[in-house]
Structures are given as C-alpha cells and as structure tokens.
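Data block for input.cif (mmCIF, C-alpha atoms and all ligand atoms):
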data_model
loop_
_atom_site.label_atom_id
_atom_site.label_comp_id
_atom_site.auth_asym_id
_atom_site.auth_seq_id
_atom_site.Cartn_x
_atom_site.Cartn_y
_atom_site.Cartn_z
CA MET V 1 -25.36 -43.17 27.49
CA THR V 2 -23.44 -40.05 26.40
CA SER V 3 -20.45 -38.44 28.09
CA THR V 4 -20.98 -35.90 30.85
CA ARG V 5 -18.49 -33.66 29.09
CA LEU V 6 -20.72 -33.43 26.04
CA ASN V 7 -23.88 -33.13 28.12
CA ARG V 8 -22.49 -29.79 29.35
CA ILE V 9 -22.91 -28.20 25.93
CA GLN V 10 -25.76 -27.50 23.55
CA GLY V 11 -25.83 -27.83 19.76
CA SER V 12 -25.23 -24.63 17.78
CA ALA V 13 -28.26 -22.30 18.03
CA THR V 14 -27.51 -20.72 14.68
CA LEU V 15 -27.53 -24.11 12.97
CA ALA V 16 -30.80 -24.99 14.76
CA ILE V 17 -32.50 -21.88 13.31
CA ALA V 18 -31.15 -22.74 9.86
CA LYS V 19 -32.68 -26.23 10.18
CA LEU V 20 -36.09 -24.87 11.19
CA ALA V 21 -35.97 -22.31 8.37
CA SER V 22 -35.21 -25.01 5.82
CA GLU V 23 -38.14 -27.10 7.10
CA ILE V 24 -40.48 -24.13 6.59
CA ALA V 25 -38.96 -23.55 3.14
CA ARG V 26 -39.64 -27.18 2.26
CA GLU V 27 -43.33 -26.51 3.00
CA GLY V 28 -43.17 -24.11 0.05
CA LYS V 29 -42.79 -20.82 1.96
CA ASP V 30 -40.45 -18.14 0.64
CA VAL V 31 -38.07 -17.90 3.60
CA ILE V 32 -35.63 -14.98 3.75
CA THR V 33 -32.57 -16.26 5.56
CA LEU V 34 -30.88 -13.54 7.59
CA SER V 35 -29.51 -15.94 10.17
CA LEU V 36 -26.36 -17.20 8.55
CA GLY V 37 -22.78 -16.24 9.25
CA GLU V 38 -21.74 -16.86 5.70
CA PRO V 39 -21.06 -14.54 2.76
CA ASP V 40 -23.49 -15.23 -0.08
CA PHE V 41 -20.77 -14.51 -2.67
CA THR V 42 -19.05 -17.30 -4.55
CA THR V 43 -15.39 -18.01 -3.87
CA PRO V 44 -13.24 -15.90 -6.25
CA LYS V 45 -12.43 -17.77 -9.47
CA HIS V 46 -8.66 -17.60 -9.13
CA ILE V 47 -8.89 -19.42 -5.78
CA CYS V 48 -11.11 -22.17 -7.26
CA LYS V 49 -8.72 -22.48 -10.20
CA SER V 50 -5.79 -22.88 -7.84
CA ALA V 51 -7.55 -25.75 -6.02
CA MET V 52 -8.30 -27.46 -9.34
CA GLN V 53 -4.68 -27.12 -10.46
CA SER V 54 -3.60 -28.57 -7.13
CA LEU V 55 -5.92 -31.55 -7.60
CA ARG V 56 -4.60 -32.10 -11.11
CA ARG V 57 -1.03 -31.98 -9.79
CA GLY V 58 -1.95 -34.80 -7.44
CA ASP V 59 -1.95 -32.94 -4.11
CA THR V 60 -4.38 -35.50 -2.77
CA HIS V 61 -2.37 -37.11 0.01
CA TYR V 62 -1.77 -36.55 3.71
CA THR V 63 0.10 -33.36 4.54
CA PRO V 64 2.03 -32.48 7.71
CA SER V 65 -0.45 -32.12 10.55
CA ALA V 66 0.46 -28.47 11.15
CA GLY V 67 -0.06 -27.66 7.47
CA ILE V 68 2.10 -27.49 4.34
CA PRO V 69 5.26 -25.40 4.79
CA GLU V 70 4.38 -23.04 1.89
CA LEU V 71 1.06 -22.09 3.48
CA ILE V 72 2.65 -21.71 6.91
CA GLU V 73 5.16 -19.35 5.31
CA ALA V 74 2.38 -17.38 3.59
CA VAL V 75 0.49 -17.10 6.90
CA ALA V 76 3.66 -15.91 8.72
CA LYS V 77 4.09 -13.23 6.05
CA LYS V 78 0.43 -12.22 6.35
CA PHE V 79 0.71 -11.89 10.14
CA HIS V 80 3.83 -9.74 9.71
CA THR V 81 2.44 -7.47 6.99
CA ASP V 82 -1.20 -7.10 8.01
CA ASN V 83 -1.05 -7.50 11.76
CA GLY V 84 2.45 -6.55 12.91
CA ILE V 85 2.82 -9.98 14.51
CA ASP V 86 6.13 -11.78 14.00
CA VAL V 87 5.98 -15.53 14.44
CA THR V 88 8.12 -18.51 13.54
CA SER V 89 6.75 -21.53 11.70
CA ASP V 90 6.48 -23.64 14.88
CA GLN V 91 4.03 -21.07 16.24
CA ILE V 92 1.57 -21.47 13.36
CA LEU V 93 -1.10 -24.12 12.93
CA ILE V 94 -3.23 -24.51 9.81
CA THR V 95 -6.66 -25.85 10.76
CA ALA V 96 -9.87 -27.09 9.18
CA GLY V 97 -11.58 -23.72 9.63
CA ALA V 98 -11.12 -21.06 12.31
CA LYS V 99 -13.70 -22.94 14.35
CA GLN V 100 -11.36 -25.89 14.67
CA ALA V 101 -8.55 -23.56 15.75
CA VAL V 102 -10.87 -22.17 18.45
CA PHE V 103 -11.72 -25.69 19.59
CA VAL V 104 -8.22 -27.18 19.73
CA VAL V 105 -6.59 -24.13 21.25
CA ILE V 106 -9.16 -23.75 24.02
CA GLN V 107 -8.68 -27.44 24.87
CA ALA V 108 -4.91 -26.83 24.76
CA VAL V 109 -5.02 -23.94 27.24
CA LEU V 110 -7.80 -24.63 29.74
CA ASP V 111 -7.94 -27.17 32.55
CA GLU V 112 -10.84 -28.32 34.72
CA GLY V 113 -11.71 -25.53 37.14
CA ASP V 114 -10.07 -22.70 35.15
CA GLU V 115 -12.05 -19.60 34.27
CA ALA V 116 -12.28 -17.90 30.87
CA ILE V 117 -13.70 -14.40 30.44
CA LEU V 118 -16.13 -13.96 27.57
CA LEU V 119 -17.71 -10.68 26.56
CA ASP V 120 -21.51 -10.84 26.42
CA PRO V 121 -22.61 -11.14 23.63
CA ALA V 122 -20.11 -13.53 22.06
CA TRP V 123 -20.09 -16.01 19.18
CA VAL V 124 -21.76 -19.24 20.31
CA THR V 125 -18.83 -21.61 19.98
CA TYR V 126 -16.48 -20.10 22.60
CA ASP V 127 -18.72 -20.96 25.56
CA ALA V 128 -19.24 -24.52 24.29
CA CYS V 129 -15.48 -25.05 23.91
CA ILE V 130 -14.78 -23.64 27.39
CA LYS V 131 -17.36 -25.97 28.91
CA TYR V 132 -16.05 -28.92 26.97
CA ALA V 133 -12.62 -28.25 28.49
CA GLY V 134 -14.23 -28.47 31.94
CA ALA V 135 -13.59 -24.79 32.60
CA ARG V 136 -16.06 -22.06 33.57
CA THR V 137 -17.23 -19.13 31.46
CA VAL V 138 -17.25 -15.80 33.28
CA TRP V 139 -19.51 -13.47 31.31
CA ALA V 140 -18.59 -9.77 31.15
CA PRO V 141 -21.42 -7.64 29.72
CA THR V 142 -20.34 -5.15 27.03
CA ASP V 143 -21.47 -1.51 27.22
CA ARG V 144 -24.32 -0.06 25.15
CA ASP V 145 -21.99 0.33 22.15
CA PHE V 146 -20.90 -3.31 22.59
CA MET V 147 -17.44 -2.20 23.73
CA PRO V 148 -15.58 -4.18 26.42
CA PRO V 149 -16.22 -3.14 30.03
CA ASP V 150 -13.48 -2.91 32.67
CA LEU V 151 -12.62 -6.61 32.85
CA GLY V 152 -10.65 -6.22 36.09
CA GLU V 153 -13.65 -7.00 38.26
CA HIS V 154 -14.09 -10.34 36.49
CA VAL V 155 -10.52 -11.53 37.06
CA THR V 156 -9.89 -14.09 39.81
CA ASP V 157 -6.90 -16.29 40.60
CA LYS V 158 -8.51 -18.91 38.35
CA THR V 159 -8.68 -16.69 35.26
CA LYS V 160 -6.58 -18.26 32.53
CA LEU V 161 -8.03 -16.86 29.32
CA ILE V 162 -9.77 -13.78 27.92
CA ILE V 163 -11.47 -14.20 24.54
CA ILE V 164 -12.02 -11.22 22.27
CA ASN V 165 -13.45 -10.98 18.77
CA SER V 166 -13.19 -7.72 16.85
CA PRO V 167 -14.82 -7.04 14.42
CA GLY V 168 -17.33 -9.09 16.32
CA ASN V 169 -20.04 -11.64 15.81
CA PRO V 170 -22.91 -11.00 16.66
CA THR V 171 -22.61 -7.21 17.08
CA GLY V 172 -20.35 -6.03 14.26
CA ALA V 173 -18.54 -3.91 16.87
CA VAL V 174 -14.92 -2.97 16.22
CA PHE V 175 -12.90 -2.34 19.38
CA ASP V 176 -10.94 0.90 19.52
CA ARG V 177 -7.26 0.63 20.36
CA LYS V 178 -7.75 2.01 23.88
CA TYR V 179 -10.03 -0.90 24.85
CA LEU V 180 -7.52 -3.43 23.53
CA GLU V 181 -4.71 -1.66 25.42
CA GLU V 182 -6.69 -1.95 28.65
CA ILE V 183 -7.18 -5.68 28.04
CA ALA V 184 -3.48 -6.08 27.22
CA ASP V 185 -2.45 -4.33 30.46
CA LEU V 186 -4.82 -6.50 32.47
CA ALA V 187 -3.53 -9.67 30.81
CA ILE V 188 0.09 -8.73 31.52
CA ASP V 189 -0.58 -7.72 35.14
CA ASN V 190 -2.49 -10.94 35.89
CA ASP V 191 -0.58 -13.37 33.68
CA ILE V 192 -3.60 -14.20 31.50
CA THR V 193 -3.57 -15.54 27.94
CA VAL V 194 -5.70 -13.70 25.35
CA LEU V 195 -7.41 -15.43 22.44
CA SER V 196 -8.11 -12.89 19.69
CA ASP V 197 -10.45 -14.17 16.99
CA GLU V 198 -9.84 -11.88 14.01
CA ILE V 199 -11.81 -13.73 11.35
CA TYR V 200 -13.76 -10.59 10.36
CA GLU V 201 -10.59 -8.48 10.17
CA LYS V 202 -11.08 -7.55 6.50
CA ILE V 203 -14.82 -6.92 6.77
CA ILE V 204 -14.52 -3.51 8.32
CA TYR V 205 -15.94 -0.17 7.18
CA ASP V 206 -14.68 3.10 8.63
CA LYS V 207 -12.53 1.91 11.50
CA THR V 208 -9.05 0.42 11.76
CA HIS V 209 -8.42 -3.13 12.91
CA PHE V 210 -5.80 -3.61 15.63
CA SER V 211 -4.27 -6.96 16.56
CA ILE V 212 -3.67 -7.21 20.28
CA GLY V 213 -0.89 -9.73 19.53
CA SER V 214 1.20 -6.87 18.11
CA PHE V 215 1.09 -4.82 21.32
CA ASP V 216 4.17 -4.47 23.54
CA GLY V 217 4.52 -7.34 25.98
CA MET V 218 1.76 -9.40 24.34
CA HIS V 219 3.74 -11.54 21.91
CA ASP V 220 4.06 -14.41 24.38
CA ARG V 221 0.50 -14.39 25.65
CA VAL V 222 -1.75 -13.98 22.61
CA ILE V 223 -3.36 -16.58 20.39
CA THR V 224 -4.46 -14.97 17.13
CA ILE V 225 -7.00 -16.88 15.06
CA ASN V 226 -8.06 -16.13 11.51
CA GLY V 227 -9.42 -17.96 8.49
CA PHE V 228 -10.57 -17.86 4.89
CA SER V 229 -14.34 -18.33 5.30
CA LYS V 230 -15.37 -14.70 5.60
CA SER V 231 -12.72 -12.68 3.70
CA TYR V 232 -12.64 -15.00 0.70
CA ALA V 233 -16.17 -16.47 0.85
CA MET V 234 -14.68 -19.92 1.49
CA THR V 235 -16.96 -21.24 4.23
CA GLY V 236 -17.34 -24.72 2.73
CA TRP V 237 -13.62 -25.19 2.13
CA ARG V 238 -12.84 -25.39 5.86
CA LEU V 239 -9.55 -23.56 6.17
CA GLY V 240 -8.29 -21.47 9.07
CA TYR V 241 -5.10 -20.76 10.97
CA MET V 242 -3.69 -19.58 14.26
CA ALA V 243 -0.50 -18.23 15.74
CA ALA V 244 0.38 -18.63 19.41
CA PRO V 245 3.37 -19.16 21.69
CA ALA V 246 5.08 -22.37 20.51
CA ASP V 247 4.04 -24.45 23.54
CA ILE V 248 0.36 -23.63 22.97
CA THR V 249 0.60 -24.30 19.23
CA GLY V 250 2.35 -27.60 20.00
CA ALA V 251 -0.41 -28.67 22.39
CA ALA V 252 -3.14 -27.70 19.90
CA LEU V 253 -1.26 -29.59 17.19
CA LYS V 254 -1.36 -32.77 19.30
CA LEU V 255 -5.15 -32.61 19.44
CA GLN V 256 -5.40 -31.82 15.73
CA SER V 257 -3.08 -34.71 14.83
CA HIS V 258 -5.31 -37.15 16.73
CA SER V 259 -8.58 -35.81 15.27
CA VAL V 260 -8.80 -34.34 11.74
CA SER V 261 -5.04 -34.85 11.11
CA HIS V 262 -4.78 -31.72 8.98
CA ALA V 263 -6.71 -29.34 6.73
CA THR V 264 -7.52 -30.74 3.27
CA SER V 265 -4.42 -30.92 1.06
CA PHE V 266 -5.55 -29.08 -2.09
CA VAL V 267 -7.52 -26.55 -0.04
CA GLN V 268 -4.27 -25.57 1.67
CA HIS V 269 -2.74 -24.89 -1.75
CA ALA V 270 -5.72 -22.71 -2.68
CA GLY V 271 -5.20 -20.89 0.62
CA ILE V 272 -1.74 -19.80 -0.51
CA THR V 273 -3.31 -18.30 -3.64
CA ALA V 274 -5.98 -16.54 -1.57
CA LEU V 275 -3.40 -14.91 0.70
CA CYS V 276 -0.73 -14.12 -1.88
CA SER V 277 -2.71 -12.95 -4.92
CA ASP V 278 -4.61 -9.78 -5.75
CA GLN V 279 -6.99 -8.80 -2.92
CA SER V 280 -9.46 -6.78 -5.00
CA SER V 281 -12.22 -9.39 -4.57
CA VAL V 282 -12.13 -8.70 -0.82
CA ASP V 283 -12.55 -4.96 -1.43
CA GLU V 284 -15.47 -5.57 -3.80
CA MET V 285 -17.22 -7.77 -1.26
CA VAL V 286 -16.73 -5.23 1.53
CA THR V 287 -18.13 -2.45 -0.68
CA GLU V 288 -21.26 -4.51 -1.26
CA PHE V 289 -21.56 -5.42 2.43
CA ARG V 290 -21.34 -1.73 3.31
CA ALA V 291 -24.20 -0.89 0.91
CA ARG V 292 -26.32 -3.68 2.40
CA ARG V 293 -25.54 -2.60 5.93
CA ASP V 294 -26.74 0.91 5.10
CA ILE V 295 -29.95 -0.39 3.50
CA LEU V 296 -30.67 -2.55 6.55
CA VAL V 297 -29.85 0.08 9.17
CA ASP V 298 -31.76 2.84 7.32
CA GLY V 299 -34.72 0.47 6.86
CA LEU V 300 -34.83 -0.53 10.53
CA THR V 301 -34.48 3.11 11.58
CA SER V 302 -37.35 4.14 9.31
CA ILE V 303 -39.52 1.42 10.87
CA GLY V 304 -38.81 2.96 14.27
CA PHE V 305 -35.99 0.89 15.73
CA ASN V 306 -33.05 2.51 17.45
CA CYS V 307 -30.36 0.91 15.34
CA ARG V 308 -26.65 1.74 15.45
CA LYS V 309 -24.49 1.35 12.37
CA PRO V 310 -22.02 -1.48 13.05
CA ASP V 311 -18.43 -0.89 11.93
CA GLY V 312 -17.58 -4.40 10.83
CA ALA V 313 -18.59 -8.00 10.06
CA PHE V 314 -22.04 -8.44 8.45
CA TYR V 315 -24.45 -8.41 11.37
CA VAL V 316 -26.80 -5.98 13.07
CA PHE V 317 -27.55 -6.78 16.70
CA LEU V 318 -30.93 -5.19 17.26
CA ASN V 319 -32.64 -4.46 20.55
CA VAL V 320 -36.24 -5.71 20.27
CA SER V 321 -37.14 -5.53 23.97
CA GLU V 322 -40.14 -3.32 23.16
CA CYS V 323 -41.52 -5.96 20.79
CA GLY V 324 -41.38 -8.88 23.22
CA GLY V 325 -37.67 -9.77 23.34
CA GLY V 326 -35.32 -11.73 21.12
CA ASP V 327 -36.73 -15.25 21.43
CA ALA V 328 -40.34 -14.17 20.81
CA VAL V 329 -39.45 -11.84 17.93
CA ALA V 330 -37.20 -14.42 16.23
CA GLU V 331 -39.99 -16.99 16.45
CA ARG V 332 -42.66 -14.57 15.17
CA LEU V 333 -40.49 -13.44 12.29
CA LEU V 334 -39.90 -17.01 11.24
CA ARG V 335 -43.45 -18.29 11.63
CA GLU V 336 -45.39 -15.22 10.44
CA ALA V 337 -43.02 -13.37 8.11
CA TYR V 338 -40.81 -16.28 7.02
CA ILE V 339 -37.65 -14.42 7.98
CA ALA V 340 -34.91 -16.35 9.79
CA VAL V 341 -32.87 -14.33 12.29
CA THR V 342 -31.01 -15.52 15.40
CA PRO V 343 -32.29 -14.78 18.91
CA GLY V 344 -29.78 -12.86 21.05
CA SER V 345 -30.12 -15.38 23.89
CA ALA V 346 -27.88 -17.70 21.86
CA PHE V 347 -24.97 -15.30 22.36
CA GLY V 348 -24.93 -14.74 26.11
CA PRO V 349 -27.06 -14.54 29.24
CA GLY V 350 -27.49 -10.74 29.01
CA SER V 351 -28.46 -10.60 25.33
CA ALA V 352 -32.01 -11.93 25.37
CA ASP V 353 -33.43 -8.51 24.35
CA TYR V 354 -31.74 -8.75 20.97
CA ILE V 355 -31.90 -10.47 17.62
CA ARG V 356 -28.98 -10.88 15.25
CA ILE V 357 -29.75 -9.99 11.65
CA SER V 358 -27.16 -11.05 9.10
CA TYR V 359 -26.96 -8.92 5.97
CA ALA V 360 -25.12 -11.56 3.98
CA ALA V 361 -28.12 -11.57 1.65
CA SER V 362 -28.89 -9.69 -1.57
CA ARG V 363 -30.16 -6.12 -1.49
CA GLU V 364 -33.55 -7.27 -2.87
CA ARG V 365 -33.94 -9.78 -0.06
CA ILE V 366 -33.05 -7.14 2.51
CA TYR V 367 -35.65 -4.74 1.05
CA ASP V 368 -38.24 -7.56 1.08
CA ALA V 369 -37.34 -8.38 4.68
CA MET V 370 -37.85 -4.75 5.70
CA ASP V 371 -41.36 -4.80 4.24
CA ARG V 372 -42.19 -8.01 6.06
CA ILE V 373 -40.75 -6.77 9.36
CA ARG V 374 -42.79 -3.57 9.02
CA ASP V 375 -45.95 -5.63 8.51
CA THR V 376 -45.22 -8.10 11.30
CA ILE V 377 -43.69 -6.48 14.34
CA ALA V 378 -43.46 -2.73 13.83
C1 LIG V 401 -16.42 -15.11 15.31
C2 LIG V 401 -16.26 -16.33 14.48
N1 LIG V 401 -15.14 -17.05 14.61
C3 LIG V 401 -14.94 -18.16 13.88
C4 LIG V 401 -15.90 -18.59 12.98
C5 LIG V 401 -15.66 -19.88 12.25
O1 LIG V 401 -15.17 -19.70 10.97
P1 LIG V 401 -14.72 -20.93 10.07
O2 LIG V 401 -15.72 -21.06 8.99
O3 LIG V 401 -13.36 -20.54 9.57
O4 LIG V 401 -14.64 -22.13 10.94
C6 LIG V 401 -17.08 -17.87 12.81
C7 LIG V 401 -18.12 -18.35 11.88
O5 LIG V 401 -19.25 -17.99 11.92
C8 LIG V 401 -17.25 -16.69 13.58
O6 LIG V 401 -18.36 -15.96 13.45
#

Render the structure in this file as structure tokens.
Amino acid sequence: MTSTRLNRIQGSATLAIAKLASEIAREGKDVITLSLGEPDFTTPKHICKSAMQSLRRGDTHYTPSAGIPELIEAVAKKFHTDNGIDVTSDQILITAGAKQAVFVVIQAVLDEGDEAILLDPAWVTYDACIKYAGARTVWAPTDRDFMPPDLGEHVTDKTKLIIINSPGNPTGAVFDRKYLEEIADLAIDNDITVLSDEIYEKIIYDKTHFSIGSFDGMHDRVITINGFSKSYAMTGWRLGYMAAPADITGAALKLQSHSVSHATSFVQHAGITALCSDQSSVDEMVTEFRARRDILVDGLTSIGFNCRKPDGAFYVFLNVSECGGGDAVAERLLREAYIAVTPGSAFGPGSADYIRISYAASRERIYDAMDRIRDTIA
C-alpha cells in the first residue's frame, strides 16, 4: 500500500535505538544514553529571550518561504566572516533544521539513475535522501583515520554529487585542507557538485575548519549546509540554512514551499540573535565537550580499546571487532549494561565493526558508563 520510493529507505537507526532505550528505561532501568546526536545543554538564555520577545511582538504569521530577510542577511554575513563564502540573498535558504536542507537540496540536485558519492561511515540521513531521489549511493571507505580516500576511482559519468561532512558524524574526524583540495580538484575536473554539511563547524578542538565552498573555482558548485542545533543547543527549535548556486537554491525552495512552507517565524528571529550576539556560550560548550571527550577516550584506552582522540563533533567511533562487532556490542551494552550506543552498521556498509558513542552526556554519566563497559565487554 505504500510508495516504492519510500520502501527504498529505512527509518532512522539512531531514533530506533533511542526508542528501545526509552522502553528499557520505562521498565525502571537506569539507562545511560550515549546514542544521541544532541547537546545536553540548554539553549542559551539570550536566544530563548529573543524568541519570547518575538512572540510578544506578534511574529506568529507566515514568513517568506526562503526565510525572513533579516535572517538571510545575518546568514550571508556569517558565511562571509566565518567561512570566506560570499553569497547573495537568492542563494540562501532558511530551513526547518539542517536535516531539511539536506533533504530538499538532495531532491533538488539528483535525478533517477544519478550517482552520489558518500564516505563510509556517513550520517544516516544522506543515504536515505539519495535513495528517495531515485539515485544510487556509491560508498567510498575512509582510511583508518577516517580521512577521505582518493575518490577518483569512484567517479563515473553518472556521478553528480559528492557529500562531505567535517567535523563529521559519526567519527568526529576533521578533514585537513589537503583532503578538501583533492576533492575540490576532482569536482572541478569532473563537473560534480559538492554538498558540504558543516553543522559541527564550531565543535572543533585543536584543528581548523575549512569550508570547501571558499576554495578557488568552487563557488558555483558547492552547497554549504549549517544549522543551529549543535552550536547553540537548539535541536528542538528546528532551524538550519544552506547556501548554493542560485538555481539549486531555487529548486530546493520550490520543494520547501510545497512542504513545510518555511521555518517557524519566531524561531527565525531567535536565529538572528544566535548568530549576531556574543558567542561565548559556544566556547563554554566546546570546552566542556573537550573535557568529556578526554574522559571518554582515556577511559576506553584504560579498558584496553585502541581509541583515537577525535578532533571535532561529540562522538567517538570505536572499533569493537574483537568484542563481537558493532551490532552485537550495541545490543549487549543496552540489554546488560543499560547503555545506549549506536551500531556502526547504521552509518555505512563497511562500518559494522564499530559503535558510535556520543559524549553529549554529563561527566558523571560518562564515568558510570566506563565502569559498566569495563564490567560488561572488556
Ligand atoms: C551531520 C549532521 N547533519 C545534519 C544534522 C541535522 O541537524 P538539524 O537538527 O539541524 O536538522 C545532524 C543531526 O544529527 C547531523 O549529525
């Protein structure tokens, strides 16, 4: 009874784990949730206040589908200052979360039969969106440091899109400039569009973030996506944005205008405040994430795992092949230790040896989790 297009894709694996974990929690078990891609901090007060002021002002009506002009202007300024990307207002689309930008823009770019290159592992939603567009995902395994391989061997005359995500979910890897330059050269030589999902841009520790959209010759072939969920702990607000060549933004806008219409009115006003006001709350959050990352990595190392320190985002992608593989370990941790993590198989066909551990949880919970992991699988 359902469409073949939707039968091609599965529900989100990360949300499925969250559901199972909450069922076990309802049985009265003390579940430690290390499976979520969401900061556990509250949204900074000045952003909440801005939304409340907006509501009081009466910003409760439809807005332009592409977003309110003031937020589009703030986003253009942000792209210029932070990313070295210069775009005009018709190139920007404000969306209901970065996830919606990913969805509409992939539908805007890909046709039936096209190919899109995805690095393995990759965030779960890209593959689903590619399939929904009727296109094919070509998986390119990353190297042992989760850096991009030579993508040339994966390019065919059907390749239309390369998707990158640095800092990345699920690995926390931050791509060095030389890798991005190689991808840029390949895209230019083969006339391929690049989608760069930069939602973890600000959650970065010792490395520098580079936007491939700022590289020479890339302005007219890069879609840059970002959002408020991670940097400003605004997951529930549903606010994101993208910049792309005007024809791509226009096509994505068509789909947005016939689906959600636009991002929520007063949330867009709060977004201006988030981008244009003091950024110290972001720095404070990143300092705490760094401390948690160190606790988690040191803990896993002391248990005996070979665990690299990720340079960004808030995930550790851990090889558990010696303990039975990602699916078995994730299930054992949930059923025996009441710890929810995500099996690596959710993120790509070559990632089944791994689990993703999110350290968007308090230090105490991470210490507790280390004790339970030691007792269960070490
Ligand atoms: C890589 C990546 N891109 C996009 C998103 C979606 O973010 P948003 O909450 O803005 O839709 C996520 C959320 O987990 C993510 O990990």

Worksheet item: Of the candidates V:Ala263, V:Val138, V:Val155, V:Ala337, which one gets nearest to Thr60 in chain V if we count all atoms listed in the file?
Response: V:Ala263

Item to complete: Return as number ranges by chain every polymer residue, whether protein, DNA or RNA, with at least one atom no more than 10 Å from an atom of ligand LIG 401 (chain V); count only C-alpha atoms and all ligand atoms.
Response: V: 14, 36-39, 95-103, 122-126, 164-170, 172, 196-200, 225-231, 233-241, 313-315

Worksheet item: Smallest atom-to-atom distance to Ile223 in chain V: which of V:Val297, V:Ile85, V:Leu20, V:Cys129, using all atoms listed in the file?
Response: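 Going through V:Val297, V:Ile85, V:Leu20, V:Cys129 one by one, the smallest distance to Ile223 in chain V is for V:Ile85.
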
Worksheet item: What gap, in Å, lies between CA of Thr137 in chain V and CA of Gly348 in chain V?
Response: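 Between CA of Thr137 in chain V and CA of Gly348 in chain V the gap works out to 10.4 Å.
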
Item to complete: Mind giving me the straight-line distance from CA of Ile366 in chain V to CA of Asp176 in chain V in Å, one decimal?
Response: 29.0 Å

Worksheet item: So how many Å separate CA of Asp86 in chain V and CA of Thr208 in chain V, to one decimal?
Response: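 These two atoms are separated by 19.6 Å.
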
Worksheet item: So which one's closest to Glu336 in chain V, V:His61, V:Lys19, V:Lys29, V:Arg5? Using only C-alpha atoms, please.
Response: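 Going through V:His61, V:Lys19, V:Lys29, V:Arg5 one by one, the smallest distance to Glu336 in chain V is for V:Lys29.
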
Discussion item. Which residues are close to Ala340 in chain V, i.e. within 12 Å by only C-alpha atoms, leaving aside same-chain residues fewer than 4 positions away? Reply as a ChimeraX atom specification.
Written reply: /V:14-25,29-36,327,329-336,355-359,361,365-366,369,372-373

Discussion item. When you count only C-alpha atoms, which of these residues is closest to Leu253 in chain V: V:Asp90, V:Glu322, V:Glu284, V:Glu181?
Written reply: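 Closest candidate: V:Asp90.
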
For range 56-71 of chain V of the structure just presented, write N, CA, C and O atoms to a file, as a PDB file, in the first residue's frame.
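So decode20.pdb came out as:
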ATOM      1  N   ARG V  56       5.951  37.927  21.608  1.00  0.00           N
ATOM      2  CA  ARG V  56       5.182  39.049  22.166  1.00  0.00           C
ATOM      3  C   ARG V  56       4.938  40.134  21.121  1.00  0.00           C
ATOM      4  O   ARG V  56       3.907  40.785  21.109  1.00  0.00           O
ATOM      5  N   ARG V  57       5.919  40.306  20.229  1.00  0.00           N
ATOM      6  CA  ARG V  57       5.754  41.313  19.162  1.00  0.00           C
ATOM      7  C   ARG V  57       4.702  40.888  18.148  1.00  0.00           C
ATOM      8  O   ARG V  57       4.249  41.657  17.335  1.00  0.00           O
ATOM      9  N   GLY V  58       4.371  39.593  18.177  1.00  0.00           N
ATOM     10  CA  GLY V  58       3.352  39.119  17.231  1.00  0.00           C
ATOM     11  C   GLY V  58       3.925  38.510  15.965  1.00  0.00           C
ATOM     12  O   GLY V  58       3.253  38.468  14.933  1.00  0.00           O
ATOM     13  N   ASP V  59       5.168  38.036  16.035  1.00  0.00           N
ATOM     14  CA  ASP V  59       5.771  37.379  14.851  1.00  0.00           C
ATOM     15  C   ASP V  59       5.259  35.940  14.756  1.00  0.00           C
ATOM     16  O   ASP V  59       6.028  34.977  14.883  1.00  0.00           O
ATOM     17  N   THR V  60       3.971  35.817  14.555  1.00  0.00           N
ATOM     18  CA  THR V  60       3.357  34.487  14.619  1.00  0.00           C
ATOM     19  C   THR V  60       2.659  34.121  13.311  1.00  0.00           C
ATOM     20  O   THR V  60       1.774  33.281  13.286  1.00  0.00           O
ATOM     21  N   HIS V  61       3.073  34.786  12.240  1.00  0.00           N
ATOM     22  CA  HIS V  61       2.397  34.564  10.950  1.00  0.00           C
ATOM     23  C   HIS V  61       3.347  33.917   9.956  1.00  0.00           C
ATOM     24  O   HIS V  61       4.527  33.722  10.238  1.00  0.00           O
ATOM     25  N   TYR V  62       2.789  33.585   8.769  1.00  0.00           N
ATOM     26  CA  TYR V  62       3.648  33.062   7.704  1.00  0.00           C
ATOM     27  C   TYR V  62       4.786  34.046   7.428  1.00  0.00           C
ATOM     28  O   TYR V  62       4.617  35.262   7.535  1.00  0.00           O
ATOM     29  N   THR V  63       5.925  33.478   7.043  1.00  0.00           N
ATOM     30  CA  THR V  63       7.044  34.316   6.590  1.00  0.00           C
ATOM     31  C   THR V  63       7.318  33.950   5.129  1.00  0.00           C
ATOM     32  O   THR V  63       6.759  32.968   4.628  1.00  0.00           O
ATOM     33  N   PRO V  64       8.195  34.697   4.444  1.00  0.00           N
ATOM     34  CA  PRO V  64       8.588  34.238   3.107  1.00  0.00           C
ATOM     35  C   PRO V  64       9.137  32.814   3.203  1.00  0.00           C
ATOM     36  O   PRO V  64       9.770  32.454   4.204  1.00  0.00           O
ATOM     37  N   SER V  65       8.904  32.022   2.158  1.00  0.00           N
ATOM     38  CA  SER V  65       9.306  30.625   2.208  1.00  0.00           C
ATOM     39  C   SER V  65      10.826  30.466   2.381  1.00  0.00           C
ATOM     40  O   SER V  65      11.303  29.565   3.069  1.00  0.00           O
ATOM     41  N   ALA V  66      11.584  31.347   1.791  1.00  0.00           N
ATOM     42  CA  ALA V  66      13.052  31.238   1.890  1.00  0.00           C
ATOM     43  C   ALA V  66      13.580  31.696   3.239  1.00  0.00           C
ATOM     44  O   ALA V  66      14.745  31.451   3.570  1.00  0.00           O
ATOM     45  N   GLY V  67      12.722  32.357   4.036  1.00  0.00           N
ATOM     46  CA  GLY V  67      13.155  32.860   5.334  1.00  0.00           C
ATOM     47  C   GLY V  67      12.999  34.368   5.396  1.00  0.00           C
ATOM     48  O   GLY V  67      12.839  35.030   4.359  1.00  0.00           O
ATOM     49  N   ILE V  68      13.054  34.926   6.613  1.00  0.00           N
ATOM     50  CA  ILE V  68      12.891  36.385   6.737  1.00  0.00           C
ATOM     51  C   ILE V  68      14.175  37.073   6.266  1.00  0.00           C
ATOM     52  O   ILE V  68      15.290  36.563   6.494  1.00  0.00           O
ATOM     53  N   PRO V  69      14.042  38.218   5.597  1.00  0.00           N
ATOM     54  CA  PRO V  69      15.217  38.886   5.019  1.00  0.00           C
ATOM     55  C   PRO V  69      16.324  39.163   6.044  1.00  0.00           C
ATOM     56  O   PRO V  69      17.519  39.034   5.739  1.00  0.00           O
ATOM     57  N   GLU V  70      15.930  39.523   7.293  1.00  0.00           N
ATOM     58  CA  GLU V  70      16.959  39.857   8.300  1.00  0.00           C
ATOM     59  C   GLU V  70      17.816  38.632   8.646  1.00  0.00           C
ATOM     60  O   GLU V  70      19.016  38.757   8.879  1.00  0.00           O
ATOM     61  N   LEU V  71      17.185  37.453   8.688  1.00  0.00           N
ATOM     62  CA  LEU V  71      17.979  36.253   8.997  1.00  0.00           C
ATOM     63  C   LEU V  71      18.839  35.875   7.785  1.00  0.00           C
ATOM     64  O   LEU V  71      20.002  35.479   7.939  1.00  0.00           O
TER      65      LEU V  71
END
